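J.: You'll find final-v8.csv just under this line, and it carries CSV, C-alpha atoms and all ligand atoms.
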chain,number,residue,atom,x,y,z
A,1,MET,CA,90.8,-66.0,-85.6
A,2,ARG,CA,88.8,-64.4,-88.4
A,3,ARG,CA,86.6,-62.7,-85.9
A,4,LEU,CA,89.6,-61.2,-84.2
A,5,THR,CA,91.0,-60.0,-87.5
A,6,HIS,CA,87.8,-58.1,-88.2
A,7,ILE,CA,87.8,-56.4,-84.9
A,8,ILE,CA,91.4,-55.3,-85.4
A,9,ILE,CA,90.9,-53.9,-88.9
A,10,LEU,CA,87.9,-51.9,-87.7
A,11,LEU,CA,90.1,-49.8,-85.4
A,12,LEU,CA,89.7,-46.2,-86.4
A,13,LEU,CA,91.7,-43.0,-86.2
A,14,PRO,CA,92.0,-40.1,-83.7
A,15,VAL,CA,89.8,-37.1,-84.2
A,16,SER,CA,91.5,-34.1,-85.8
A,17,SER,CA,90.5,-30.4,-85.5
A,18,PHE,CA,88.1,-28.8,-88.0
A,19,THR,CA,86.4,-25.5,-88.8
A,20,VAL,CA,82.7,-25.0,-88.8
A,21,ALA,CA,80.8,-24.1,-91.9
A,22,GLY,CA,77.2,-23.4,-92.7
A,23,PRO,CA,74.5,-26.1,-93.0
A,24,LEU,CA,74.0,-27.9,-96.3
A,25,GLN,CA,70.9,-27.4,-98.4
A,26,LYS,CA,68.5,-30.2,-99.2
A,27,ALA,CA,68.5,-31.4,-102.8
A,28,ASP,CA,65.8,-30.0,-105.0
A,29,PRO,CA,63.5,-33.0,-105.5
A,30,ALA,CA,62.8,-31.8,-109.1
A,31,ALA,CA,66.5,-32.1,-109.8
A,32,ILE,CA,66.9,-35.7,-108.7
A,33,ARG,CA,69.2,-37.7,-111.0
A,34,ARG,CA,70.5,-41.2,-110.9
A,35,PRO,CA,74.3,-41.8,-110.5
A,36,SER,CA,76.5,-41.0,-113.4
A,37,TYR,CA,79.4,-43.2,-112.7
A,38,PRO,CA,82.1,-43.7,-115.4
A,39,ALA,CA,80.9,-46.3,-117.9
A,40,PRO,CA,82.3,-48.9,-118.1
A,41,PRO,CA,83.2,-48.4,-114.4
A,42,GLU,CA,86.9,-48.1,-113.6
A,43,ARG,CA,88.4,-50.6,-111.3
A,44,GLN,CA,85.6,-53.1,-111.8
A,45,GLU,CA,88.0,-56.1,-111.3
A,46,GLU,CA,89.1,-54.7,-107.9
A,47,ARG,CA,85.5,-54.3,-106.8
A,48,ASP,CA,84.7,-57.9,-107.8
A,49,ALA,CA,87.7,-59.1,-105.9
A,50,MET,CA,86.6,-57.0,-102.8
A,51,VAL,CA,83.2,-58.7,-102.9
A,52,HIS,CA,84.8,-62.1,-103.5
A,53,THR,CA,87.0,-61.5,-100.4
A,54,PHE,CA,84.3,-60.7,-97.9
A,55,ARG,CA,82.0,-63.5,-99.3
A,56,GLN,CA,84.7,-66.0,-98.2
A,57,TYR,CA,84.3,-65.1,-94.5
A,58,SER,CA,82.9,-67.8,-92.4
A,59,GLY,CA,82.9,-69.0,-88.8
A,60,ALA,CA,82.0,-66.3,-86.3
A,61,THR,CA,81.2,-63.7,-89.0
A,62,ILE,CA,77.8,-63.4,-90.7
A,63,ALA,CA,77.8,-64.2,-94.4
A,64,VAL,CA,76.8,-61.6,-96.9
A,65,THR,CA,74.4,-63.4,-99.3
A,66,ASP,CA,71.9,-60.7,-100.3
A,67,GLN,CA,72.2,-60.4,-104.1
A,68,GLY,CA,71.0,-56.8,-104.1
A,69,VAL,CA,73.7,-55.8,-101.6
A,70,ILE,CA,76.3,-57.7,-103.5
A,71,GLN,CA,75.3,-56.0,-106.8
A,72,ALA,CA,75.4,-52.6,-105.1
A,73,MET,CA,78.9,-53.3,-103.7
A,74,ARG,CA,80.0,-54.4,-107.2
A,75,HIS,CA,78.6,-51.2,-108.8
A,76,VAL,CA,79.4,-48.3,-106.6
A,77,PRO,CA,83.0,-47.0,-107.3
A,78,ARG,CA,84.3,-46.9,-103.8
A,79,HIS,CA,87.6,-45.3,-104.8
A,80,LEU,CA,85.8,-42.1,-105.8
A,81,PHE,CA,84.6,-41.7,-102.1
A,82,VAL,CA,88.2,-42.0,-100.8
A,83,PRO,CA,90.6,-39.0,-100.8
A,84,ALA,CA,93.1,-39.2,-103.7
A,85,PRO,CA,96.2,-40.2,-101.5
A,86,GLU,CA,94.3,-43.2,-100.2
A,87,ARG,CA,92.8,-44.4,-103.4
A,88,ALA,CA,95.2,-47.2,-103.9
A,89,ASN,CA,93.8,-48.8,-100.7
A,90,ALA,CA,90.1,-48.2,-101.6
A,91,TYR,CA,89.3,-51.9,-102.3
A,92,ARG,CA,91.2,-53.5,-99.4
A,93,ASP,CA,88.7,-55.0,-96.9
A,94,ALA,CA,89.7,-52.5,-94.3
A,95,PRO,CA,88.6,-49.0,-93.2
A,96,VAL,CA,90.4,-46.1,-94.9
A,97,PRO,CA,91.1,-42.6,-93.6
A,98,ILE,CA,88.9,-39.9,-95.1
A,99,GLY,CA,90.2,-36.9,-93.2
A,100,PHE,CA,88.9,-35.1,-90.1
A,101,GLY,CA,89.9,-38.2,-88.0
A,102,GLN,CA,87.2,-40.3,-89.7
A,103,THR,CA,87.2,-43.4,-91.9
A,104,ILE,CA,85.1,-45.0,-94.6
A,105,SER,CA,84.1,-48.3,-93.0
A,106,GLN,CA,85.5,-51.7,-94.1
A,107,PRO,CA,83.6,-53.1,-97.1
A,108,TYR,CA,82.4,-56.2,-95.3
A,109,ILE,CA,80.8,-54.0,-92.5
A,110,VAL,CA,79.1,-51.8,-95.1
A,111,ALA,CA,77.7,-54.8,-96.9
A,112,LEU,CA,76.7,-56.5,-93.6
A,113,MET,CA,75.0,-53.5,-92.2
A,114,THR,CA,73.1,-53.0,-95.5
A,115,GLN,CA,72.1,-56.6,-95.5
A,116,LEU,CA,70.9,-56.5,-91.9
A,117,ALA,CA,68.8,-53.3,-92.7
A,118,ASP,CA,67.0,-55.3,-95.4
A,119,VAL,CA,66.3,-52.2,-97.6
A,120,ARG,CA,63.6,-52.6,-100.2
A,121,PRO,CA,62.7,-50.2,-103.1
A,122,GLY,CA,60.6,-47.3,-101.9
A,123,MET,CA,61.7,-47.5,-98.3
A,124,LYS,CA,62.7,-44.3,-96.5
A,125,VAL,CA,66.2,-44.8,-95.0
A,126,LEU,CA,68.2,-42.6,-92.6
A,127,GLU,CA,72.0,-43.0,-92.3
A,128,VAL,CA,73.6,-41.3,-89.3
A,129,GLY,CA,77.3,-40.5,-90.0
A,130,THR,CA,77.6,-39.6,-93.7
A,131,GLY,CA,81.4,-39.6,-93.7
A,132,SER,CA,82.6,-40.2,-97.3
A,133,GLY,CA,79.0,-40.7,-98.6
A,134,TYR,CA,79.9,-44.3,-99.7
A,135,GLN,CA,77.3,-46.1,-97.4
A,136,ALA,CA,74.7,-43.6,-98.6
A,137,ALA,CA,75.5,-44.4,-102.2
A,138,ILE,CA,75.2,-48.1,-101.5
A,139,LEU,CA,71.8,-47.5,-99.9
A,140,TYR,CA,70.7,-45.4,-102.9
A,141,GLU,CA,71.3,-48.4,-105.1
A,142,LEU,CA,68.4,-50.1,-103.2
A,143,THR,CA,65.9,-47.3,-102.6
A,144,ASP,CA,65.4,-43.7,-103.9
A,145,GLN,CA,64.7,-42.4,-100.4
A,146,VAL,CA,68.0,-42.0,-98.7
A,147,TYR,CA,68.6,-39.3,-96.0
A,148,THR,CA,72.1,-38.9,-94.4
A,149,ILE,CA,73.4,-36.6,-91.7
A,150,GLU,CA,77.0,-35.7,-90.7
A,151,ILE,CA,78.1,-33.8,-87.7
A,152,ILE,CA,81.4,-32.5,-89.0
A,153,ALA,CA,80.5,-29.5,-91.1
A,154,PRO,CA,83.4,-29.3,-93.5
A,155,LEU,CA,83.2,-33.1,-94.1
A,156,ALA,CA,79.5,-32.8,-94.7
A,157,GLU,CA,80.1,-30.0,-97.2
A,158,ARG,CA,82.9,-31.9,-99.0
A,159,THR,CA,80.8,-35.0,-99.3
A,160,HIS,CA,77.7,-33.1,-100.5
A,161,ARG,CA,79.8,-31.6,-103.3
A,162,LEU,CA,81.0,-35.1,-104.2
A,163,LEU,CA,77.5,-36.5,-104.3
A,164,GLU,CA,76.5,-33.7,-106.6
A,165,ASP,CA,79.5,-34.4,-108.9
A,166,LEU,CA,78.5,-38.1,-109.1
A,167,GLY,CA,74.9,-37.3,-109.9
A,168,LEU,CA,73.7,-38.5,-106.6
A,169,VAL,CA,71.6,-35.4,-105.8
A,170,GLY,CA,68.6,-37.6,-104.9
A,171,ILE,CA,70.4,-38.4,-101.7
A,172,GLN,CA,69.2,-35.9,-99.0
A,173,ALA,CA,72.3,-34.9,-97.2
A,174,LYS,CA,72.6,-32.4,-94.4
A,175,GLU,CA,75.0,-31.3,-91.7
A,176,GLY,CA,73.7,-31.8,-88.1
A,177,ASP,CA,73.7,-34.0,-85.0
A,178,GLY,CA,72.3,-37.3,-86.0
A,179,TYR,CA,71.8,-38.3,-82.3
A,180,TYR,CA,68.5,-36.5,-82.7
A,181,GLY,CA,67.8,-38.1,-86.1
A,182,TRP,CA,66.7,-36.1,-89.1
A,183,SER,CA,64.1,-33.9,-87.6
A,184,PRO,CA,61.6,-34.4,-84.7
A,185,GLY,CA,58.6,-35.3,-86.8
A,186,ALA,CA,60.5,-37.5,-89.4
A,187,THR,CA,60.0,-41.3,-89.6
A,188,PHE,CA,62.0,-43.9,-91.4
A,189,ASP,CA,61.6,-47.6,-92.4
A,190,ARG,CA,65.2,-48.2,-91.8
A,191,ILE,CA,68.0,-46.4,-89.8
A,192,LEU,CA,71.7,-47.2,-90.0
A,193,VAL,CA,74.1,-45.6,-87.6
A,194,THR,CA,77.7,-45.8,-88.7
A,195,ALA,CA,79.3,-44.5,-85.5
A,196,ALA,CA,79.3,-46.2,-82.1
A,197,ALA,CA,76.7,-44.9,-79.5
A,198,GLU,CA,77.0,-45.6,-75.8
A,199,HIS,CA,73.2,-46.3,-75.8
A,200,ILE,CA,70.5,-46.4,-78.5
A,201,PRO,CA,69.5,-42.7,-78.9
A,202,SER,CA,65.8,-42.4,-78.0
A,203,PRO,CA,65.1,-39.8,-80.8
A,204,LEU,CA,66.2,-42.5,-83.3
A,205,LEU,CA,63.8,-45.1,-81.7
A,206,ARG,CA,61.0,-42.5,-82.0
A,207,GLN,CA,61.9,-41.9,-85.7
A,208,LEU,CA,61.8,-45.6,-86.5
A,209,LYS,CA,58.4,-46.6,-88.0
A,210,PRO,CA,56.4,-49.5,-86.6
A,211,GLY,CA,57.8,-52.6,-88.4
A,212,GLY,CA,61.1,-50.7,-88.9
A,213,ARG,CA,64.7,-51.9,-88.4
A,214,MET,CA,67.8,-50.1,-87.1
A,215,VAL,CA,71.4,-51.3,-87.3
A,216,ILE,CA,73.6,-49.6,-84.8
A,217,PRO,CA,77.0,-50.3,-83.1
A,218,VAL,CA,76.6,-49.8,-79.3
A,219,GLY,CA,79.3,-49.8,-76.6
A,220,PRO,CA,82.0,-47.8,-74.9
A,221,LYS,CA,83.9,-45.0,-76.8
A,222,TRP,CA,87.0,-46.5,-78.5
A,223,GLY,CA,86.2,-49.9,-76.8
A,224,ASN,CA,84.6,-53.2,-77.8
A,225,GLN,CA,81.2,-52.6,-79.2
A,226,GLU,CA,78.4,-54.8,-80.5
A,227,LEU,CA,76.6,-54.4,-83.7
A,228,LEU,CA,72.9,-54.4,-82.8
A,229,LEU,CA,69.8,-55.1,-84.9
A,230,VAL,CA,66.9,-53.2,-83.4
A,231,THR,CA,63.4,-54.0,-84.5
A,232,LYS,CA,60.1,-52.1,-83.8
A,233,SER,CA,57.0,-54.2,-83.9
A,234,ALA,CA,53.7,-53.1,-85.5
A,235,ARG,CA,52.6,-52.1,-82.0
A,236,GLY,CA,55.8,-50.2,-81.2
A,237,GLY,CA,57.6,-52.8,-79.1
A,238,ILE,CA,61.4,-52.8,-79.3
A,239,ALA,CA,63.5,-55.9,-79.6
A,240,THR,CA,67.3,-55.9,-79.7
A,241,ARG,CA,69.7,-58.5,-80.9
A,242,ALA,CA,73.6,-58.3,-80.6
A,243,LEU,CA,75.1,-59.8,-83.7
A,244,LEU,CA,78.8,-59.0,-84.0
A,245,PRO,CA,81.7,-57.4,-82.0
A,246,VAL,CA,82.9,-54.3,-83.8
A,247,ARG,CA,84.9,-51.1,-83.3
A,248,PHE,CA,83.6,-47.8,-84.7
A,249,VAL,CA,84.5,-44.2,-84.1
A,250,PRO,CA,82.3,-42.6,-81.5
A,251,LEU,CA,78.9,-41.1,-82.1
A,252,THR,CA,79.4,-37.6,-80.9
A,253,GLY,CA,76.8,-34.9,-80.1
A,254,GLY,CA,73.7,-35.8,-78.2
A,255,GLY,CA,74.2,-32.9,-75.8
B,1,LIG,N1,79.2,-44.1,-93.3
B,1,LIG,C1,80.4,-43.4,-93.6
B,1,LIG,C2,81.0,-43.7,-94.9
B,1,LIG,O1,80.3,-44.4,-95.7
B,1,LIG,O2,82.0,-43.2,-95.2
B,1,LIG,C3,81.5,-43.8,-92.6
B,1,LIG,C4,81.1,-43.3,-91.2
B,1,LIG,S1,82.5,-43.0,-90.1
B,1,LIG,C5,82.9,-44.6,-89.6
B,1,LIG,C6,81.4,-42.3,-88.8
B,1,LIG,C7,80.9,-40.9,-89.2
B,1,LIG,O3,79.9,-40.5,-88.2
B,1,LIG,C8,82.0,-39.8,-89.2
B,1,LIG,O4,82.0,-39.1,-90.3
B,1,LIG,C9,81.5,-38.9,-88.0
B,1,LIG,O5,81.9,-37.6,-88.1
B,1,LIG,C10,80.0,-39.2,-88.0
B,1,LIG,N2,79.3,-38.8,-86.7
B,1,LIG,C11,79.7,-39.0,-85.5
B,1,LIG,N3,78.8,-38.6,-84.6
B,1,LIG,C12,77.8,-38.1,-85.3
B,1,LIG,C13,76.5,-37.5,-85.0
B,1,LIG,N4,76.1,-37.3,-83.8
B,1,LIG,N5,75.7,-37.1,-86.0
B,1,LIG,C14,76.1,-37.3,-87.3
B,1,LIG,N6,77.3,-37.9,-87.7
B,1,LIG,C15,78.1,-38.3,-86.7
Step by step, read the file and then write its structure as structure tokens.
T.:
Amino acid sequence: MRRLTHIIILLLLPVSSFTVAGPLQKADPAAIRRPSYPAPPERQEERDAMVHTFRQYSGATIAVTDQGVIQAMRHVPRHLFVPAPERANAYRDAPVPIGFGQTISQPYIVALMTQLADVRPGMKVLEVGTGSGYQAAILYELTDQVYTIEIIAPLAERTHRLLEDLGLVGIQAKEGDGYYGWSPGATFDRILVTAAAEHIPSPLLRQLKPGGRMVIPVGPKWGNQELLLVTKSARGGIATRALLPVRFVPLTGGG
């Protein structure tokens, strides 16, 4: 029953129209700052309750036990990544609309994907599907090398401004089609895709380092998808494991 509940609350919203703006600039590495969240952080009790809620899940779900992930979820002020009219709902264990027909993912799924990625300090991590910037901020709690790409230009611009306002300028954010990864020659220790692909994009497999991991929902658009853990061996062999049924908005682009 719990499993069904998760599938249902992952249901996302229809895509709305948007205007196209210019590409984002990369952050100046010399200007990298750590987050400057309000101290003491507002709504800490709600964050603690959010973590408590998803830690109770059992049965068909996968438990979130990684202390680094739990600490990150307790620290990052999720409500600041949610548009003002939706802030009251920011700490429910559910996706929340962020405009442009997109959503910030359910906290449990953010935590689970981060745990599955097994991010360690110093690792270079790519997120495909910046959305609100929340998942990127969680990853940035675990490593300084976070790259994130968003295909909807005005959403990418809005989130880039938010990341700057929060002092998260060390996160490399750009607008573009993440089906093709960051750039042809780039390589990453970890890749998280936060929109559902119909197949694993081969450019992302190429950009995954030997020994790397990718977490990606794969399946039909607007249908039942599987969250996959993809690993690349030291010799470049690919192994794939289906872990959980999910529903994400589609990965668009890819020609
Ligand atoms: N990770 C986000 C967060 O923390 O708010 C939520 C991601 S939302 C479920 C999926 C995002 O993927 C949307 O913002 C969508 O525009 C983006 N997206 C879809 N296809 C994409 C592509 N080819 N390249 C980059 N972003 C893409």
J.: Nearest to ligand LIG 1 (chain B) among A:Thr159, A:Gln71, A:Gln135, A:Ser183, with distances taken over all atoms listed in the file: which residue is it?
T.: A:Gln135
J.: Could you give me, as a count of residues only, every polymer residue with an atom at most 9 Å away from an atom of ligand LIG 1 (chain B), counting all atoms listed in the file?
T.: 56
J.: Could you check which of A:Thr61, A:Gln145, A:Ser233, A:Asn89 is closest to A:Leu112, using all atoms listed in the file?
T.: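 Comparing A:Thr61, A:Gln145, A:Ser233, A:Asn89 against A:Leu112, the winner is A:Thr61.
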J.: Residues near A:Glu42, anyone? I mean within 10 Å using all atoms listed in the file, not counting same-chain ones fewer than 3 positions away, as a list in words.
T.: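 Selected residues are Tyr37, Pro38, Ala39, Glu45, Glu46, Arg47, Pro77, His79 and Leu80 of chain A.
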J.: Point out the residue among A:Gln115, A:Thr187, A:Gln67, A:Thr53 with the least atom-to-atom distance to A:Tyr91, counting all atoms listed in the file.
T.: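 Of the candidates, the smallest distance to A:Tyr91 is held by A:Thr53.
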J.: Find, counting only C-alpha atoms, the residue in A:Pro40, A:Pro201, A:Pro107, A:Pro97 that gets nearest to A:Met214.
T.: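 For A:Met214, the nearest of the given residues is A:Pro201.
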J.: Using only C-alpha atoms, can you tell me which of A:Asp48, A:Asp66, A:Asp144, A:Glu86 comes closest to A:Ala111?
T.: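 Of the candidates, the smallest distance to A:Ala111 is held by A:Asp66.
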J.: Any idea what the distance is between atom CA of A:Ile200 and atom CA of A:Ile216?
T.: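 Distance reported for this atom pair: 7.7 Å.
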J.: Every residue with an atom at most 9 Å from (70.8, -56.1, -96.2) (file coordinates; only C-alpha atoms) is what I'm after, so could you write them as a PyMOL selection string?
T.: chain A and resi 64-66+68-69+111-120
J.: Report the distance between atom CA of A:Tyr140 and atom CA of A:Glu157 in Å, rounded to one decimal place.
T.: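 Taking atom CA of A:Tyr140 as the start and atom CA of A:Glu157 as the end point, the length is 18.9 Å.
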J.: Using atom CA of A:Ala84 and atom CA of A:Val246 as the two end points, give the distance in Å to one decimal.
T.: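 Going from atom CA of A:Ala84 over to atom CA of A:Val246, I get 27.0 Å.
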J.: Which residue is closest to A:Val218? Choose from A:Leu244, A:Ile238, A:Ala72, A:Leu126 and count only C-alpha atoms.
T.: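 Looking at the shortest contact to A:Val218, the residue is A:Leu244.
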J.: Which neighbours of A:Ala242 fall inside 8 Å, counting only C-alpha atoms, when residues of the same chain fewer than 6 positions from it are skipped, and could you give them as a ChimeraX atom specification?
T.: /A:226-229
